[in-house]
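Q: Structure file upload-v1.txt (compact mmCIF, C-alpha atoms) right here:
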# COMPACT_ATOMS: atom_id res chain seq x y z
CA MET A 1 30.79 -26.19 129.48
CA ASP A 2 31.05 -27.27 133.11
CA LEU A 3 31.67 -30.88 132.13
CA TRP A 4 35.00 -29.97 130.64
CA CYS A 5 38.33 -29.10 132.28
CA GLU A 6 41.19 -27.37 130.49
CA LEU A 7 43.83 -29.40 128.74
CA SER A 8 46.36 -26.60 128.41
CA THR A 9 49.44 -28.64 127.54
CA ALA A 10 48.03 -30.31 124.44
CA ARG A 11 46.35 -27.25 122.97
CA VAL A 12 49.27 -25.03 123.96
CA LEU A 13 51.75 -27.02 121.95
CA GLN A 14 49.67 -26.81 118.79
CA GLN A 15 49.02 -23.08 119.26
CA ARG A 16 45.26 -23.34 119.52
CA PRO A 17 42.93 -22.17 122.26
CA SER A 18 43.21 -24.18 125.46
CA THR A 19 40.53 -26.83 125.62
CA ASN A 20 39.89 -30.05 127.43
CA PHE A 21 38.82 -33.66 127.16
CA ARG A 22 36.28 -33.85 129.96
CA SER A 23 33.57 -34.71 127.45
CA PHE A 24 35.70 -37.61 126.25
CA THR A 25 37.15 -38.56 129.64
CA ASN A 26 33.68 -39.48 130.81
CA PRO A 27 33.19 -43.18 129.94
CA ASP A 28 29.45 -42.62 129.54
CA ARG A 29 30.16 -39.95 126.91
CA LEU A 30 32.49 -42.34 125.07
CA LYS A 31 29.76 -44.99 125.18
CA SER A 32 27.48 -42.70 123.17
CA ILE A 33 29.79 -43.26 120.17
CA SER A 34 29.84 -46.50 118.22
CA GLN A 35 32.74 -48.78 119.26
CA LYS A 36 33.45 -49.35 115.58
CA HIS A 37 33.98 -45.63 114.97
CA LEU A 38 35.97 -45.14 118.17
CA LEU A 39 38.36 -47.93 117.16
CA LYS A 40 38.73 -46.53 113.66
CA PHE A 41 39.44 -43.08 115.09
CA PHE A 42 41.91 -44.08 117.82
CA SER A 43 43.68 -46.71 115.68
CA SER A 44 45.88 -44.01 114.18
CA TRP A 45 47.44 -43.51 117.61
CA LYS A 46 47.73 -47.08 118.90
CA GLY A 47 51.34 -46.42 119.86
CA TYR A 48 50.41 -43.53 122.10
CA PHE A 49 47.95 -45.71 124.03
CA SER A 50 50.18 -48.81 124.16
CA ASP A 51 53.03 -46.70 125.59
CA ARG A 52 50.62 -45.90 128.42
CA GLY A 53 49.63 -49.50 129.04
CA LEU A 54 46.46 -49.78 126.94
CA GLN A 55 46.20 -52.16 124.01
CA LEU A 56 43.29 -51.21 121.79
CA PRO A 57 41.20 -54.21 120.75
CA GLU A 58 40.95 -55.21 117.12
CA VAL A 59 37.17 -55.53 117.18
CA ALA A 60 34.31 -54.19 119.29
CA GLY A 61 33.08 -56.20 122.25
CA ASP A 62 31.61 -56.22 125.71
CA ASP A 63 35.02 -55.65 127.27
CA PHE A 64 35.69 -52.42 125.34
CA PRO A 65 38.22 -50.37 127.40
CA TYR A 66 36.14 -47.23 127.99
CA ASP A 67 37.66 -46.59 131.42
CA GLY A 68 41.21 -47.08 130.18
CA LEU A 69 40.70 -44.66 127.30
CA ALA A 70 39.15 -42.08 129.62
CA GLN A 71 42.02 -42.29 132.11
CA ILE A 72 44.67 -41.79 129.43
CA LEU A 73 42.82 -38.89 127.84
CA MET A 74 42.35 -37.30 131.25
CA ARG A 75 46.10 -37.47 131.89
CA ALA A 76 47.12 -36.20 128.46
CA ASP A 77 50.61 -34.71 128.49
CA ASP A 78 52.80 -32.80 126.05
CA LYS A 79 53.26 -35.98 123.99
CA VAL A 80 49.58 -36.26 123.16
CA PRO A 81 49.10 -36.42 119.37
CA HIS A 82 48.11 -32.98 118.14
CA GLU A 83 45.89 -34.38 115.41
CA MET A 84 43.89 -36.37 117.94
CA VAL A 85 43.41 -33.32 120.17
CA ASP A 86 42.36 -31.28 117.15
CA ALA A 87 39.77 -33.86 116.11
CA LEU A 88 38.28 -34.27 119.60
CA TYR A 89 38.04 -30.50 119.93
CA TYR A 90 35.99 -30.11 116.75
CA VAL A 91 33.86 -33.18 117.45
CA HIS A 92 32.93 -31.84 120.87
CA GLU A 93 32.24 -28.29 119.67
CA THR A 94 29.87 -29.42 116.93
CA ALA A 95 28.20 -32.36 118.72
CA THR A 96 25.08 -30.66 120.02
CA LYS A 97 21.38 -31.33 119.57
CA GLU A 98 21.00 -27.96 117.88
CA SER A 99 23.63 -28.69 115.22
CA ALA A 100 23.02 -32.41 114.62
CA GLU A 101 20.41 -31.82 111.89
CA GLU A 102 22.71 -29.41 110.08
CA LEU A 103 25.57 -31.91 110.38
CA ILE A 104 23.45 -34.60 108.73
CA ASP A 105 22.39 -32.21 105.92
CA ALA A 106 26.00 -31.10 105.34
CA ALA A 107 27.17 -34.71 105.22
CA ALA A 108 24.49 -35.62 102.67
CA LYS A 109 25.39 -32.67 100.43
CA ALA A 110 29.04 -33.70 100.56
CA GLY A 111 28.18 -37.29 99.63
CA LEU A 112 29.24 -38.73 103.00
CA VAL A 113 27.62 -41.84 104.45
CA ILE A 114 26.41 -41.60 108.04
CA GLU A 115 25.77 -45.08 109.39
CA ALA A 116 22.45 -45.03 111.21
CA GLY A 117 22.84 -48.10 113.40
CA GLU A 118 20.70 -47.65 116.52
CA GLU A 119 20.13 -43.95 115.80
CA PRO A 120 23.62 -42.39 116.13
CA SER A 121 24.27 -39.82 118.83
CA ASP A 122 25.31 -36.25 118.07
CA ALA A 123 28.93 -37.09 118.91
CA ASP A 124 28.82 -40.22 116.75
CA ILE A 125 27.58 -38.20 113.77
CA ALA A 126 30.31 -35.60 114.26
CA LEU A 127 33.00 -38.27 114.59
CA GLN A 128 31.82 -40.07 111.44
CA ILE A 129 32.08 -36.81 109.51
CA TRP A 130 35.59 -36.20 110.85
CA LEU A 131 36.69 -39.69 109.77
CA GLN A 132 35.53 -39.02 106.22
CA ASN A 133 36.06 -35.28 105.75
CA PRO A 134 37.77 -33.32 108.58
CA GLU A 135 37.57 -30.04 106.70
CA LEU A 136 33.78 -30.29 106.51
CA LEU A 137 33.55 -30.58 110.31
CA ARG A 138 35.91 -27.62 110.72
CA ARG A 139 33.62 -25.57 108.51
CA GLN A 140 30.55 -26.69 110.46
CA HIS A 141 32.32 -25.61 113.63
CA ALA A 142 32.97 -22.21 112.10
CA GLU A 143 29.27 -21.91 111.29
CA VAL A 144 28.27 -22.84 114.86
CA VAL A 145 30.54 -20.09 116.21
CA ALA A 146 29.31 -17.55 113.67
CA PHE A 147 25.64 -18.05 114.48
CA ASN A 148 26.05 -17.90 118.25
CA ARG A 149 27.17 -14.32 118.82
CA SER A 150 24.80 -11.78 120.33
CA ARG A 151 26.77 -8.52 120.65
CA PHE A 152 27.45 -6.42 117.57
CA ILE A 153 28.53 -2.95 116.54
CA TYR A 154 26.72 -1.69 113.44
CA PHE A 155 27.91 0.36 110.48
CA ALA A 156 25.78 1.61 107.60
CA GLY A 157 26.91 1.32 103.99
CA CYS A 158 27.09 4.45 101.87
CA ILE A 159 24.56 3.29 99.27
CA GLY A 160 21.62 2.17 101.39
CA LYS A 161 20.10 0.09 98.60
CA LYS A 162 18.70 -3.40 98.76
CA GLY A 163 20.72 -6.21 97.26
CA PRO A 164 21.44 -9.94 97.55
CA ALA A 165 23.67 -11.35 100.27
CA PRO A 166 27.25 -11.40 98.97
CA ASP A 167 28.89 -14.78 98.41
CA PRO A 168 32.60 -13.94 98.12
CA THR A 169 34.58 -15.56 95.33
CA PRO A 170 37.78 -17.50 96.09
CA ALA A 171 39.75 -14.48 94.84
CA GLN A 172 37.91 -12.12 97.21
CA THR A 173 38.39 -14.52 100.11
CA ALA A 174 42.10 -14.85 99.36
CA PHE A 175 42.42 -11.06 99.18
CA MET A 176 40.69 -10.63 102.56
CA GLN A 177 42.85 -13.29 104.22
CA GLU A 178 46.05 -11.81 102.81
CA ASN A 179 45.06 -8.30 103.85
CA MET A 180 44.13 -9.44 107.36
CA ASP A 181 47.29 -11.52 107.71
CA SER A 182 49.41 -8.45 107.04
CA TRP A 183 47.65 -6.51 109.83
CA PHE A 184 47.58 -9.42 112.29
CA ASP A 185 51.28 -10.09 111.76
CA LYS A 186 52.19 -6.45 112.46
CA LYS A 187 50.07 -6.57 115.64
CA ARG A 188 51.88 -9.70 116.94
CA ARG A 189 48.96 -11.99 116.17
CA GLY A 190 50.72 -14.13 113.56
CA LYS A 191 49.52 -15.19 110.13
CA GLY A 192 47.27 -17.95 108.86
CA SER A 193 43.91 -16.24 109.30
CA ARG A 194 40.94 -17.96 107.70
CA ILE A 195 37.57 -16.60 106.55
CA PHE A 196 34.39 -18.68 106.26
CA ALA A 197 31.33 -17.17 104.55
CA PHE A 198 27.75 -18.35 105.14
CA PRO A 199 25.15 -16.61 102.91
CA ARG A 200 21.57 -16.94 104.17
CA GLY A 201 18.74 -14.99 102.63
CA THR A 202 19.70 -11.32 102.45
CA LYS A 203 22.56 -11.75 104.94
CA THR A 204 26.04 -13.21 104.88
CA TRP A 205 27.81 -14.30 108.05
CA PHE A 206 31.62 -14.10 107.91
CA LEU A 207 33.66 -15.91 110.54
CA VAL A 208 37.28 -14.77 110.85
CA ARG A 209 39.61 -17.21 112.61
CA HIS A 210 42.93 -15.71 113.62
CA GLY A 211 45.67 -15.81 116.22
CA GLU A 212 46.25 -13.71 119.32
CA PRO A 213 49.59 -12.44 120.68
CA MET A 214 51.83 -15.23 121.98
CA ARG A 215 51.30 -16.16 125.60
CA ARG A 216 53.82 -17.56 128.07
CA GLU A 217 52.57 -19.31 131.20
CA GLY A 218 53.91 -21.51 133.93
CA ARG A 219 52.98 -25.15 133.51
CA HIS A 220 52.60 -27.73 136.23
CA GLU A 221 53.94 -31.23 135.54
CA ASP A 222 52.48 -34.43 137.02
CA ASP A 223 55.77 -35.17 138.84
CA GLY A 224 55.57 -31.83 140.66
CA ALA A 225 58.08 -30.05 138.46
CA SER A 226 57.32 -26.75 136.76
CA GLY A 227 57.70 -25.87 133.12
CA ILE A 228 56.92 -23.15 130.62
CA ALA A 229 54.11 -23.20 128.06
CA TYR A 230 54.50 -20.81 125.13
CA TYR A 231 51.67 -20.70 122.65
CA ARG A 232 49.45 -18.56 120.44
CA PRO A 233 45.74 -18.61 121.39
CA GLN A 234 43.13 -18.70 118.65
CA LYS A 235 40.20 -16.32 118.35
CA HIS A 236 37.02 -16.12 116.27
CA ASP A 237 35.39 -12.85 115.18
CA VAL A 238 32.02 -12.61 113.45
CA ILE A 239 30.90 -10.12 110.79
CA ILE A 240 27.42 -9.95 109.27
CA TYR A 241 26.52 -8.05 106.12
CA ASP A 242 22.84 -7.46 105.34
CA GLY A 243 22.12 -6.76 101.69
CA GLU A 244 18.57 -5.71 102.57
CA THR A 245 19.74 -2.80 104.74
CA ASP A 246 23.29 -2.31 103.41
CA GLU A 247 24.71 -2.63 106.92
CA LEU A 248 27.65 -4.38 108.51
CA ALA A 249 27.54 -5.80 112.06
CA VAL A 250 30.85 -6.63 113.72
CA ASN A 251 31.65 -8.77 116.76
CA ALA A 252 35.36 -8.31 117.54
CA GLY A 253 37.60 -7.60 120.49
CA THR A 254 39.46 -4.39 119.65
CA LYS A 255 38.88 -1.13 117.79
CA GLY A 256 41.81 -2.01 115.54
CA GLU A 257 40.20 -5.29 114.50
CA ILE A 258 36.88 -3.57 113.83
CA GLU A 259 38.56 -0.97 111.61
CA LEU A 260 40.47 -3.74 109.81
CA TYR A 261 37.22 -5.55 108.98
CA LEU A 262 35.47 -2.38 107.82
CA LYS A 263 38.31 -1.53 105.44
CA THR A 264 38.86 -5.10 104.23
CA LEU A 265 35.23 -5.94 103.48
CA GLY A 266 34.59 -2.49 102.06
CA THR A 267 37.48 -2.96 99.63
CA ALA A 268 36.79 -6.61 98.78
CA LEU A 269 33.03 -6.31 98.28
CA PHE A 270 32.58 -2.68 97.19
CA LYS A 271 36.06 -1.52 96.07
CA ASP A 272 36.03 1.22 98.72
CA GLU A 273 37.73 0.92 102.12
CA LYS A 274 35.57 3.80 103.40
CA TYR A 275 32.32 2.24 102.21
CA PHE A 276 31.00 1.69 105.74
CA ASP A 277 30.13 4.79 107.73
CA ARG A 278 31.82 5.12 111.15
CA SER A 279 29.33 7.63 112.58
CA ASN A 280 26.48 7.03 115.04
CA ARG A 281 23.97 4.32 114.14
CA PHE A 282 21.56 4.15 117.09
CA THR A 283 19.80 6.81 119.11
CA LEU A 284 17.64 6.73 122.25
CA ASP A 285 16.07 10.11 121.49
CA PRO A 286 12.59 8.59 120.92
CA LEU A 287 12.44 7.75 124.65
CA LEU A 288 13.17 11.37 125.56
CA GLU A 289 10.76 12.77 123.01
CA LYS A 290 7.78 10.41 123.26
CA GLY A 291 8.17 8.42 126.47
CA LYS A 292 6.03 5.26 126.50
CA ASP A 293 4.62 6.13 123.06
CA ALA A 294 8.07 5.34 121.65
CA LEU A 295 7.37 1.69 122.43
CA GLU A 296 4.09 1.48 120.52
CA ASN A 297 3.91 -0.97 117.66
CA ASP A 298 1.65 -0.50 114.64
CA THR A 299 3.84 -2.01 111.94
CA VAL A 300 5.18 -5.37 113.16
CA PRO A 301 2.18 -7.60 114.06
CA GLU A 302 4.40 -10.43 115.29
CA ILE A 303 5.52 -8.22 118.22
CA VAL A 304 2.83 -8.20 120.91
CA SER A 305 4.41 -5.77 123.36
CA VAL A 306 7.63 -3.96 124.27
CA ARG A 307 8.67 -2.83 127.75
CA LEU A 308 11.55 -0.62 128.87
CA ILE A 309 13.14 -2.46 131.80
CA GLU A 310 16.47 -0.72 132.34
CA ILE A 311 18.38 2.47 131.55
CA GLU A 312 21.90 3.56 132.38
CA ARG A 313 22.45 7.29 132.69
CA PHE A 314 25.87 8.94 132.67
CA TRP A 315 26.15 12.04 134.84
CA GLY A 316 29.84 12.71 134.28
CA GLY A 317 31.88 14.85 136.63
CA LYS A 318 35.28 14.10 138.09
CA ALA A 319 34.09 10.77 139.43
CA LYS A 320 32.35 9.79 136.15
CA GLU A 321 29.11 9.04 137.96
CA LYS A 322 26.66 6.54 136.47
CA GLU A 323 23.13 5.66 137.50
CA VAL A 324 21.23 2.48 136.65
CA ARG A 325 17.43 2.24 136.92
CA LYS A 326 15.66 -1.15 136.65
CA ALA A 327 12.06 -2.31 136.84
CA THR A 328 9.76 -4.83 135.20
CA ASP A 329 8.37 -1.79 133.37
CA LEU A 330 10.01 1.59 134.00
CA PHE A 331 7.17 3.61 132.47
CA VAL A 332 4.69 1.94 134.80
CA ALA A 333 7.00 2.66 137.74
CA TRP A 334 7.33 6.31 136.72
CA GLU A 335 3.61 6.69 135.98
CA GLY A 336 3.21 10.14 134.40
CA ASP A 337 6.57 11.47 135.61
CA TRP A 338 8.69 10.04 132.81
CA LYS A 339 9.92 13.37 131.42
CA ARG A 340 11.51 14.35 134.70
CA ARG A 341 12.85 10.86 135.32
CA LEU A 342 14.55 10.78 131.91
CA SER A 343 15.94 14.32 132.08
CA GLY A 344 19.51 15.14 133.04
CA GLY A 345 22.76 13.42 132.10
CA SER A 346 22.88 11.22 129.03
CA ILE A 347 21.27 7.81 128.55
CA ASP A 348 24.07 5.46 127.52
CA ARG A 349 22.09 2.22 127.52
CA ALA A 350 18.47 1.06 127.30
CA VAL A 351 17.23 -2.51 127.73
CA PHE A 352 13.90 -3.66 126.28
CA LYS A 353 11.76 -6.79 126.72
CA PHE A 354 9.94 -8.02 123.62
CA ARG A 355 7.00 -10.42 123.66
CA PHE A 356 6.19 -12.20 120.41
CA ASP A 357 2.94 -13.70 119.23
CA GLY A 358 2.83 -17.40 120.05
CA ASP A 359 6.08 -17.36 122.06
CA GLY A 360 5.84 -17.60 125.84
CA LYS A 361 9.46 -16.57 126.42
CA GLN A 362 10.20 -12.86 126.21
CA ARG A 363 13.39 -11.63 124.56
CA THR A 364 15.86 -9.03 125.76
CA VAL A 365 17.43 -6.39 123.53
CA ALA A 366 19.98 -3.82 124.73
CA ILE A 367 20.82 -0.71 122.72
CA LEU A 368 24.03 1.16 123.53
CA PRO A 369 24.49 4.19 121.27
CA PRO A 370 26.21 5.00 119.06
CA SER A 371 26.54 1.59 117.40
CA LEU A 372 26.23 -1.34 119.78
CA ALA A 373 23.32 -3.76 120.13
CA ARG A 374 22.91 -7.00 122.09
CA TYR A 375 20.28 -9.61 121.25
CA ASP A 376 19.07 -12.81 122.90
CA ARG A 377 18.97 -14.80 119.67
CA ASP A 378 19.23 -14.44 115.91
CA ALA A 379 15.74 -15.79 115.17
CA ASP A 380 14.15 -12.53 116.35
CA SER A 381 16.50 -10.15 114.60
CA ASP A 382 14.51 -9.30 111.48
CA LEU A 383 11.36 -8.38 113.41
CA ILE A 384 13.22 -6.35 116.03
CA ASP A 385 15.27 -4.63 113.33
CA ARG A 386 12.08 -3.54 111.60
CA TRP A 387 10.57 -2.27 114.86
CA LEU A 388 13.70 -0.28 115.77
CA LYS A 389 13.68 1.37 112.37
CA ASP A 390 9.98 2.18 112.47
CA GLN A 391 10.26 3.68 115.96
CA LYS A 392 13.28 5.79 114.89
CA PHE A 393 15.79 4.14 117.23
CA CYS A 394 17.94 3.62 114.12
CA ARG A 395 19.31 6.55 112.20
CA PRO A 396 18.88 6.46 108.39
CA ASN A 397 21.86 5.53 106.28
CA PRO A 398 24.08 8.55 105.61
CA GLU A 399 23.22 8.49 101.92
CA GLY A 400 20.22 7.05 100.16
CA ASP A 401 16.50 6.89 100.69
CA ASP A 402 15.48 6.09 104.26
CA ASP A 403 12.80 3.73 102.96
CA ASP A 404 15.51 1.55 101.47
CA ALA A 405 18.08 2.01 104.24
CA GLY A 406 17.34 -0.69 106.74
CA VAL A 407 17.88 -1.01 110.43
CA LEU A 408 20.37 -2.97 112.31
CA GLU A 409 21.17 -6.60 112.43
CA ASP A 410 21.73 -8.99 115.24
CA ASP A 411 22.89 -12.36 116.27
Written as structure tokens, that's how I'd like the structure from this file.

A:
Amino acid sequence: MDLWCELSTARVLQQRPSTNFRSFTNPDRLKSISQKHLLKFFSSWKGYFSDRGLQLPEVAGDDFPYDGLAQILMRADDKVPHEMVDALYYVHETATKESAEELIDAAAKAGLVIEAGEEPSDADIALQIWLQNPELLRRQHAEVVAFNRSRFIYFAGCIGKKGPAPDPTPAQTAFMQENMDSWFDKKRRGKGSRIFAFPRGTKTWFLVRHGEPMRREGRHEDDGASGIAYYRPQKHDVIIYDGETDELAVNAGTKGEIELYLKTLGTALFKDEKYFDRSNRFTLDPLLEKGKDALENDTVPEIVSVRLIEIERFWGGKAKEKEVRKATDLFVAWEGDWKRRLSGGSIDRAVFKFRFDGDGKQRTVAILPPSLARYDRDADSDLIDRWLKDQKFCRPNPEGDDDDAGVLEDD
């Protein structure tokens, strides 16, 4: 977010991703949180503030030191309490309008009391949860990350049958974490990986939190001196299994990580590390074979129209030539000449615009064979998945009846 600046020293020393306090260095942002809860939160680190010339008041009042708190947080150094940085990081990441309702529901299920007062702000709700149950807020943060990814690579299961979304047992989760730790440690990413599972309907979202290789950087001190920061960044990967289609969607950074997740979940959930097929999942052949007719829709009434707005063609050669064609509607631009315009080279990417019934905003979907798809948002995924399957942009599962082998999945 543009309101935040990096606070590398504090996050570096606790081996987490670099973050910042800009949200909490803004006095107006601090004012959105109850003084009572701010005092309760910061009271654990009174010494840190008093060493920097700020005495926290015992009770709330009109002279609450918002500016003083903001100035100290803005100038946080390598002595900043790690626990305080950790808490502010999770409060900020989960304090959004979109997640506030889920925070309240999660608090109620856990038996926590959220003081209403004058209608608490998103940040106030998040801070109250942290004060009562930090682990619950960490889990809510994991869920926010898991449900906000839009680029996935898809792999079909070898059965292709419908089934419920898996909810891994503690033993399965421990097995997956141990197996991943072994691989991460060998690849210089350290141990301590954590897996959070979120079953919803026929799908289960898995968030994998793990370390990255250690990083050494120069660090600038406030007195003009230079220092060294040595830390391990943190990363989050997202995996989605759909029991309806027997497919796994993976959002990860490297081929090694993707293979690790395929083997680990295959073994943990299905007792077979080769359960998920590594072959091609998507195809753009319908465009070459049927042209505009490939975009027709007779089976998903919620989808009003689909347009092809971009293709990327690979011509190859020594220079590895690529060509990108864009338009508000390529088939309209090409008129009846689509066969010639789509011939030659190979189409490596196609971008579609979907318009839904009752929704003024159109959604973008990019398909990059063999296995990659990018979506605007998760809410549309089921409908688009069904359309892609019906129009044959998805290959059937390698084994099993095509009627039961679903399409892809998205975020």

Q: Rank nothing, just name the residue among A:Arg281, A:Arg313, A:Arg138, A:Lys31 nearest to A:Phe64, using all atoms listed in the file.

A: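 Looking only at the distances to A:Phe64, the closest residue turns out to be A:Lys31.
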
Q: Record the distance separating atom CA of A:Glu310 and atom CA of A:Gly360, expressed in Å with one decimal.

A: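 So the two atoms, atom CA of A:Glu310 and atom CA of A:Gly360, lie 21.0 Å apart.
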
Q: The centre and edge lengths of an axis-aligned box containing all atoms of stretch 49-52 of chain A present in the file, extended by 3 Å on each side, are to be given in Å to one decimal, as lines of an AutoDock Vina configuration file.

A:
center_x = 50.5
center_y = -47.3
center_z = 126.2
size_x = 11.1
size_y = 9.1
size_z = 10.4

Q: Please report the interatomic distance between atom CA of A:Pro57 and atom CA of A:Leu131 in Å with one decimal.

A: 18.8 Å

Q: A:Arg386, A:Arg278, A:His37, A:Lys271: which is nearest A:Glu302, counting only C-alpha atoms?

A: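 When distances to A:Glu302 are compared using only C-alpha atoms, the smallest one comes from A:Arg386.
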
Q: For A:Ile303, find every residue with an atom within 12 Å (counting all atoms listed in the file), except residues of its own chain fewer than 2 positions away, and show them as a PyMOL selection string.

A: chain A and resi 295-301+305-307+353-359+362-363+380-388

Q: Can you work out the spacing between atom CA of A:Ala142 and atom CA of A:Phe42 in Å, to one decimal?

A: 24.3 Å

Q: Given all atoms listed in the file as the basis, pick out the residue of A:Leu372, A:Lys255, A:Val250, A:Lys392 nearest to A:Pro286.

A: A:Lys392

Q: Restricting the calculation to all atoms listed in the file: of A:Lys203, A:Lys320, A:His210, A:Arg139, which residue gets closest to A:Asp181?

A: A:His210

Q: Can you work out which one of A:Ser371, A:Leu73, A:Lys40, A:Glu257 has the shortest atom-to-atom distance to A:Val59, counting only C-alpha atoms?

A: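 Of A:Ser371, A:Leu73, A:Lys40, A:Glu257, the one nearest A:Val59 is A:Lys40, counting only C-alpha atoms.
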
Q: Can you work out which one of A:Pro134, A:Pro369, A:Pro65, A:Gly157 has the shortest atom-to-atom distance to A:Glu312, counting all atoms listed in the file?

A: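 Distance minimum relative to A:Glu312 lands on A:Pro369.
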
Q: Is it possible to get the residues within 10 Å of (24.8, -18.7, 106.5) (coordinates as in the file, counting all atoms listed in the file) written as number ranges by chain?

A: A: 143-144, 146-147, 165, 167, 196-206, 240

Q: Mind checking which residues fall within 8 Å of A:Val365, counting all atoms listed in the file, ignoring those fewer than 5 positions away in the same chain, and posting them as a list of chain:residue names?

A: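 Close residues of A:Val365: A:Val351, A:Phe352, A:Lys353, A:Phe354, A:Ala373, A:Arg374, A:Tyr375, A:Asp376.
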
Q: What's the 10 Å shell around A:Ile239, counting only C-alpha atoms, without same-chain residues fewer than 5 positions away, as a PyMOL selection string?

A: chain A and resi 146+149+152-154+197+204-208+248-252+258+261-262+265+411

Q: Determine, counting all atoms listed in the file, every residue of protein, DNA or RNA that lies within 8 Å of (28.0, -32.4, 110.1) in the file coordinates, then give the result as a VMD selection string.

A: chain A and resid 94 99 to 107 125 to 126 129 136 to 137 140
